[in-house]
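For reference, the structure is listed below as structure tokens.
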Amino acid sequence: MLRAALIVLVFLTSIFASMPVIGKSTFDKAFEFYNDKNYKVALQSFKASIAIGEDIGKSQFFIGQMYYYGNGIEKNYTKAREYYQKSAEANIDGAYYMLGNIYYSGIGVEVDYLKAKEWFLKAAKRNIAGAQYFLGVIHRYGKGVEKNNTEAHQWFSTAAVLGSNWGKYELARSYHYGWGVDKDIEKAIKWYSQSADDGFLQSQKELAKMYLNGWGVEMDVPKSVIYFKQAVAQGDSDSLLSLARVYFKGNRGVPQNVEEGLRLYNEAINKDHLGAANELAKIYLVGRNVTQDIPKGLALLNDAIDGGYINAIVDLAKIYHTGNTFYARDTKEILTPNPTKALELFKQAYQLSEKKLNYQAFISAYSIGELYDEGEGKGKGKDKNINQLIQWYERAVKSSQYAKKSNYTVNRIKGKAIQRLSELVCQRDSSSLLFNVLIKCADRDELRAAIKHAGATVIKENKNNWGDTYNSSNILQGTSQLYVGYEIKDSFAIAKYTFPANMDTQKVVEVKNFVANKYGKPTTSSGRINVGEVSYQWKLKDGISIEVSRGWPSTTTYLTFKNPKNYDAMKAEQKKQAEAKKAKEYEKQSNAF
């Protein structure tokens with residue numbers, strides 16, 4: 001809506017120029033009063049012109065303008081629209097355009113792109129460049145119609161030919177990015193340059209960035225400086241910041257000038273450019289090309305934060321989170337970590353960026369999850385608010401897809417968030433414990449430590465094997481050993497205790513009763529106690545299965561804990577590797593016959 005209002009002002013000159021030459025009449029006098037900003041007399045004169053039937057449509061148009069912009073009278077968009085409507089019925093070009101703008105921007109009415117298109121079409125047929133530009137926008141972005149870059153390109157072309165700088169700018173972008181036309185950087189430069197030479201800010205900035213970075217053109221930093229300076233002359237503080245960077249660091253063809261760079265940074269800050277304050281803050285914090293000054297850096301960061309600049313909030317939160325090491329590398333000055341303050345700032349940053357789902361939302365959500373993890377210890381979640389942690393890591397993963405930062409940075413942190421989220425979801429949905437570890441979520445390192453802490457002694461531990469074996473007689477009475485198997489990524493698959501029975505057919509019942517005392521009645525059972533194979537099975541709520549079993553004729557009894565999903569994955573991989581090994585052996589032997 002702001003751009004539309006700006007364009008209305010820009011295009012008014014062309015609207016007025018399309019009107020007939022003014023002669024000396026009541027309307028002419030009214031128009032003179034209007035131009036002299038004597039709006040009270042102008043309004044009376046326009047109404048007098050209407051009363052005597054002279055230039056009715058044009059008088060109605062200018063009364064509409066007065067109500068629209070509040071010139072000499074209180075703004076009233078409803079009355080403005082009524083006068084534009086009457087003026088349009090008298091075939092006044094400007095009224096067509098203004099009605100199109102009203103419906104496009106929803107000024108005093110509901111947004112209605114189809115009505116806006118109707119009025120813009122009427123104005124476009126009268127060669128009003130602004131209407132042609134908006135028709136291009138409507139088709140490029142699919143406002144009320146299907147997106148059609150080809151038609152958008154055609155409208156921007158006609159607007160550009162009529163002298164519209166907005167049209168030239170968008171036509172340049174069509175050629176620049178190949179929207180609705182073959183990509184053609186040479187033509188893009190031509191149209192950018194034409195509008196830039198007319199003082200059109202957006203084109204000046206676009207050309208400056210293209211020459212600075214070599215985007216589609218040969219890099220020419222001195223030329224980019226020329227365009228940045230043109231934009232700065234129009235009061236653009238973003239270009240001021242870009243110039244500050246060029247001089248502060250030095251760039252191809254532009255010698256480093258730290259003093260000029262600092263002057264430009266401070267000039268941008270004086271124009272309330274919060275990004276410049278944030279950037280200069282980090283320069284002082286690190287001591288890059290200047291004497292390190294941590295208090296000054298922190299003061300600049302807080303100035304940016306007071307202005308609601310999200311990057312500064314995140315940067316200061318990081319300092320409080322990690323402490324001193326990065327920012328105070330030269331002076332070794334200590335900045336004490338403050339997790340409480342870091343958490344407060346990250347939450348503030350997330351709240352401000354949540355709807356945008358950008359990098360700031362991503363890094364803030366992940367850091368909040370980390371802080372809650374750290375604040376409550378490094379355990380596996382038994383003493384933590386699991387749902388709260390899951391919520392923040394889920395938010396981090398969701399916003400990561402919109403985070404416009406280097407793939408390495410985003411993907412690395414996203415990977416950590418996904419891994420932690422997977423662990424937490426598993427912990428939330430798990431209940432089965434072995435050695436006080438949630439075995440559905442356990443990995444080899446965690447279980448190894450827990451088993452040995454419980455008092456078992458190692459018979460064989462080797463990460464190259466599918467499992468480890470322990471003497472378990474010290475941890476579970478009546479057992480001789482414990483085997484623990486893992487799938488290929490070292491997640492728990494199976495744990496099997498061995499109970500020597502020495503031909504005791506009742507051993508399986510004894511172990512079954514022992515397990516039932518903790519887990520209740522078996523879910524299923526099969527076999528006869530006195531002869532043959534026997535099995536008792538429990539299926540726990542979290543999917544872990546327990547089995548007490550005995551073969552035959554051996555009466556040795558086994559107590560097995562199994563994660564079915566991981567166990568099946570382990571067996572499938574074992575089979576795959578065995579088949580590959582056999583195939584390799586066959587291939588080796590085939591040369592012998």
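Here's how to read the names in the structure tokens: chain A, B, ... by the order shown, residue numbers from 1 in each chain, ligand numbers from 1 in the order shown.
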
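Listed by chain and then by rising number, the residues of range 497-553 of chain A that DSSP assigns to strand (DSSP E or B) from the backbone are Tyr497, Thr498, Phe499, Thr524, Ser525, Ser526, Gly527, Val534, Ser535, Tyr536, Gln537, Trp538, Lys539, Ser545, Ile546, Glu547, Val548, Ser549 and Arg550 of chain A.
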
Kindly save the residues from that selection, with N, CA and C atoms included, as a CSV table (one decimal), in the first residue's frame.
chain,number,residue,atom,x,y,z
A,497,TYR,N,19.7,-62.1,28.4
A,497,TYR,CA,20.3,-62.7,29.5
A,497,TYR,C,20.3,-64.2,29.3
A,498,THR,N,21.3,-64.9,29.8
A,498,THR,CA,21.3,-66.4,29.8
A,498,THR,C,21.2,-66.9,31.2
A,499,PHE,N,20.2,-67.8,31.4
A,499,PHE,CA,20.0,-68.5,32.7
A,499,PHE,C,20.3,-70.0,32.6
A,524,THR,N,1.3,-63.0,25.7
A,524,THR,CA,1.0,-64.3,25.0
A,524,THR,C,1.9,-65.3,25.7
A,525,SER,N,1.6,-66.6,25.5
A,525,SER,CA,2.4,-67.7,25.9
A,525,SER,C,2.2,-68.9,25.0
A,526,SER,N,3.2,-69.8,25.0
A,526,SER,CA,3.1,-71.0,24.2
A,526,SER,C,4.0,-72.1,24.7
A,527,GLY,N,3.7,-73.3,24.4
A,527,GLY,CA,4.5,-74.5,24.9
A,527,GLY,C,4.0,-75.1,26.2
A,534,VAL,N,9.3,-73.4,25.1
A,534,VAL,CA,8.3,-72.6,25.8
A,534,VAL,C,8.6,-71.1,25.6
A,535,SER,N,7.6,-70.3,25.5
A,535,SER,CA,7.8,-68.9,25.3
A,535,SER,C,6.7,-68.1,26.0
A,536,TYR,N,7.1,-67.1,26.7
A,536,TYR,CA,6.2,-66.1,27.3
A,536,TYR,C,6.6,-64.7,26.8
A,537,GLN,N,5.6,-63.9,26.4
A,537,GLN,CA,6.0,-62.7,25.7
A,537,GLN,C,5.1,-61.5,26.4
A,538,TRP,N,5.8,-60.4,26.5
A,538,TRP,CA,5.2,-59.1,27.0
A,538,TRP,C,5.4,-58.1,25.9
A,539,LYS,N,4.3,-57.4,25.5
A,539,LYS,CA,4.5,-56.2,24.6
A,539,LYS,C,4.2,-55.0,25.4
A,545,SER,N,9.5,-55.2,23.4
A,545,SER,CA,9.0,-56.5,23.7
A,545,SER,C,10.0,-57.2,24.6
A,546,ILE,N,9.4,-58.1,25.5
A,546,ILE,CA,10.2,-58.9,26.5
A,546,ILE,C,9.7,-60.3,26.2
A,547,GLU,N,10.7,-61.2,26.2
A,547,GLU,CA,10.4,-62.6,26.1
A,547,GLU,C,11.2,-63.5,27.0
A,548,VAL,N,10.6,-64.4,27.7
A,548,VAL,CA,11.2,-65.5,28.5
A,548,VAL,C,11.0,-66.7,27.7
A,549,SER,N,12.1,-67.4,27.3
A,549,SER,CA,12.0,-68.6,26.4
A,549,SER,C,13.0,-69.7,26.8
A,550,ARG,N,12.6,-70.9,26.3
A,550,ARG,CA,13.4,-72.0,26.5
A,550,ARG,C,13.4,-72.9,25.2

task: Using only C-alpha atoms, determine which residues lie at most 12 Å from Asp55 in chain A, disregarding the query and same-chain residues fewer than 3 positions distant; provide the list as a list in words.
output: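 Counting only the stated atoms, we get Met19, Pro20, Ile22, Gly23, Lys24, Ser25, Thr26, Phe27, Asp28, Lys29, Ala30, Phe31, Ser45, Phe46, Lys47, Ala48, Ser49, Ile50, Ala51, Ile52, Lys58, Ser59, Gln60, Phe61, Phe62, Ser87, Ala90, Asn91 and Ile92 of chain A.
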
message: Neighbouring residues of Gly216 in chain A were defined as those with any atom within 12 Å, considering only C-alpha atoms; residues of the same chain fewer than 6 positions away were excluded. Please report them as a VMD selection string.
response: chain A and resid 175 to 177 183 to 189 206 to 207 209 to 210

Could you turn the residues from that selection into a file that holds all heavy atoms, as a CSV table (one decimal), in the first residue's frame?
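Done, and the output landed in selection-v7.csv:
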chain,number,residue,atom,x,y,z
A,175,TYR,N,14.2,-8.6,-17.7
A,175,TYR,CA,15.4,-9.0,-18.5
A,175,TYR,C,16.5,-9.6,-17.6
A,175,TYR,O,17.2,-10.5,-17.9
A,175,TYR,CB,15.9,-7.9,-19.3
A,175,TYR,CG,15.1,-7.5,-20.5
A,175,TYR,CD1,14.5,-6.3,-20.6
A,175,TYR,CD2,14.9,-8.5,-21.5
A,175,TYR,CE1,13.7,-6.0,-21.7
A,175,TYR,CE2,14.1,-8.2,-22.7
A,175,TYR,CZ,13.6,-6.9,-22.8
A,175,TYR,OH,12.8,-6.6,-23.9
A,176,HIS,N,16.6,-9.0,-16.4
A,176,HIS,CA,17.6,-9.5,-15.4
A,176,HIS,C,17.5,-10.9,-15.0
A,176,HIS,O,18.4,-11.7,-15.0
A,176,HIS,CB,17.6,-8.5,-14.2
A,176,HIS,CG,18.8,-8.7,-13.3
A,176,HIS,ND1,19.0,-7.8,-12.3
A,176,HIS,CD2,19.8,-9.6,-13.2
A,176,HIS,CE1,20.1,-8.2,-11.6
A,176,HIS,NE2,20.6,-9.3,-12.2
A,177,TYR,N,16.2,-11.3,-14.7
A,177,TYR,CA,15.9,-12.6,-14.1
A,177,TYR,C,15.2,-13.5,-15.1
A,177,TYR,O,14.9,-14.7,-14.8
A,177,TYR,CB,15.1,-12.4,-12.8
A,177,TYR,CG,15.8,-11.6,-11.8
A,177,TYR,CD1,15.4,-10.3,-11.5
A,177,TYR,CD2,17.0,-12.1,-11.1
A,177,TYR,CE1,16.1,-9.6,-10.5
A,177,TYR,CE2,17.6,-11.4,-10.2
A,177,TYR,CZ,17.2,-10.1,-9.9
A,177,TYR,OH,17.8,-9.3,-9.0
A,183,LYS,N,16.3,-14.1,-20.6
A,183,LYS,CA,17.2,-13.4,-19.8
A,183,LYS,C,18.2,-12.6,-20.7
A,183,LYS,O,18.8,-13.2,-21.6
A,183,LYS,CB,18.0,-14.3,-18.9
A,183,LYS,CG,18.8,-13.7,-17.8
A,183,LYS,CD,19.3,-14.7,-16.8
A,183,LYS,CE,20.1,-14.1,-15.7
A,183,LYS,NZ,20.6,-15.1,-14.7
A,184,ASP,N,18.4,-11.3,-20.4
A,184,ASP,CA,19.2,-10.5,-21.2
A,184,ASP,C,19.8,-9.4,-20.3
A,184,ASP,O,19.2,-8.3,-20.1
A,184,ASP,CB,18.4,-9.9,-22.4
A,184,ASP,CG,19.3,-9.2,-23.4
A,184,ASP,OD1,20.4,-8.6,-23.0
A,184,ASP,OD2,19.0,-9.2,-24.6
A,185,ILE,N,21.0,-9.6,-19.8
A,185,ILE,CA,21.7,-8.7,-18.9
A,185,ILE,C,21.9,-7.3,-19.5
A,185,ILE,O,21.8,-6.3,-18.9
A,185,ILE,CB,23.0,-9.2,-18.3
A,185,ILE,CG1,22.7,-10.5,-17.5
A,185,ILE,CG2,23.7,-8.2,-17.4
A,185,ILE,CD1,21.8,-10.2,-16.2
A,186,GLU,N,22.3,-7.3,-20.8
A,186,GLU,CA,22.6,-6.1,-21.5
A,186,GLU,C,21.3,-5.2,-21.5
A,186,GLU,O,21.4,-4.0,-21.3
A,186,GLU,CB,23.0,-6.4,-22.9
A,186,GLU,CG,23.5,-5.2,-23.7
A,186,GLU,CD,24.1,-5.5,-25.0
A,186,GLU,OE1,24.6,-6.6,-25.2
A,186,GLU,OE2,24.1,-4.7,-25.9
A,187,LYS,N,20.2,-5.8,-21.8
A,187,LYS,CA,18.9,-5.0,-21.8
A,187,LYS,C,18.5,-4.6,-20.4
A,187,LYS,O,18.0,-3.5,-20.2
A,187,LYS,CB,17.8,-5.8,-22.5
A,187,LYS,CG,17.9,-5.8,-24.0
A,187,LYS,CD,16.7,-6.6,-24.6
A,187,LYS,CE,16.9,-6.6,-26.2
A,187,LYS,NZ,15.8,-7.4,-26.8
A,188,ALA,N,18.8,-5.4,-19.5
A,188,ALA,CA,18.5,-5.1,-18.1
A,188,ALA,C,19.3,-3.9,-17.7
A,188,ALA,O,18.8,-2.9,-17.1
A,188,ALA,CB,18.8,-6.3,-17.2
A,189,ILE,N,20.6,-3.9,-18.0
A,189,ILE,CA,21.5,-2.7,-17.6
A,189,ILE,C,21.0,-1.5,-18.3
A,189,ILE,O,20.9,-0.4,-17.7
A,189,ILE,CB,22.9,-3.0,-18.1
A,189,ILE,CG1,23.5,-4.2,-17.3
A,189,ILE,CG2,23.8,-1.8,-17.9
A,189,ILE,CD1,23.8,-3.8,-15.8
A,206,GLU,N,20.2,-1.1,-7.4
A,206,GLU,CA,20.3,-2.4,-8.1
A,206,GLU,C,21.6,-2.4,-8.9
A,206,GLU,O,22.4,-3.4,-8.9
A,206,GLU,CB,19.1,-2.7,-9.0
A,206,GLU,CG,19.0,-4.1,-9.5
A,206,GLU,CD,18.6,-5.1,-8.4
A,206,GLU,OE1,17.9,-4.7,-7.5
A,206,GLU,OE2,19.1,-6.2,-8.4
A,207,LEU,N,21.9,-1.4,-9.6
A,207,LEU,CA,23.2,-1.3,-10.4
A,207,LEU,C,24.4,-1.3,-9.5
A,207,LEU,O,25.4,-1.9,-9.8
A,207,LEU,CB,23.1,0.0,-11.3
A,207,LEU,CG,22.2,-0.1,-12.5
A,207,LEU,CD1,22.1,1.3,-13.1
A,207,LEU,CD2,22.8,-1.0,-13.6
A,209,LYS,N,24.7,-2.7,-6.6
A,209,LYS,CA,24.9,-4.1,-6.1
A,209,LYS,C,25.5,-5.0,-7.2
A,209,LYS,O,26.3,-5.9,-6.9
A,209,LYS,CB,23.6,-4.7,-5.5
A,209,LYS,CG,23.2,-4.0,-4.2
A,209,LYS,CD,22.0,-4.7,-3.6
A,209,LYS,CE,20.7,-4.3,-4.2
A,209,LYS,NZ,19.5,-4.7,-3.6
A,210,MET,N,25.0,-4.8,-8.4
A,210,MET,CA,25.4,-5.7,-9.5
A,210,MET,C,26.9,-5.4,-9.8
A,210,MET,O,27.7,-6.4,-9.9
A,210,MET,CB,24.6,-5.4,-10.8
A,210,MET,CG,23.2,-5.9,-10.7
A,210,MET,SD,22.2,-5.4,-12.2
A,210,MET,CE,22.9,-6.5,-13.4

- prompt: Which residue out of A:Gln348, A:Thr560, A:Gln194, A:Asn165 has the minimum interatomic distance to Leu482 in chain A when only C-alpha atoms are used?
  reply: A:Thr560
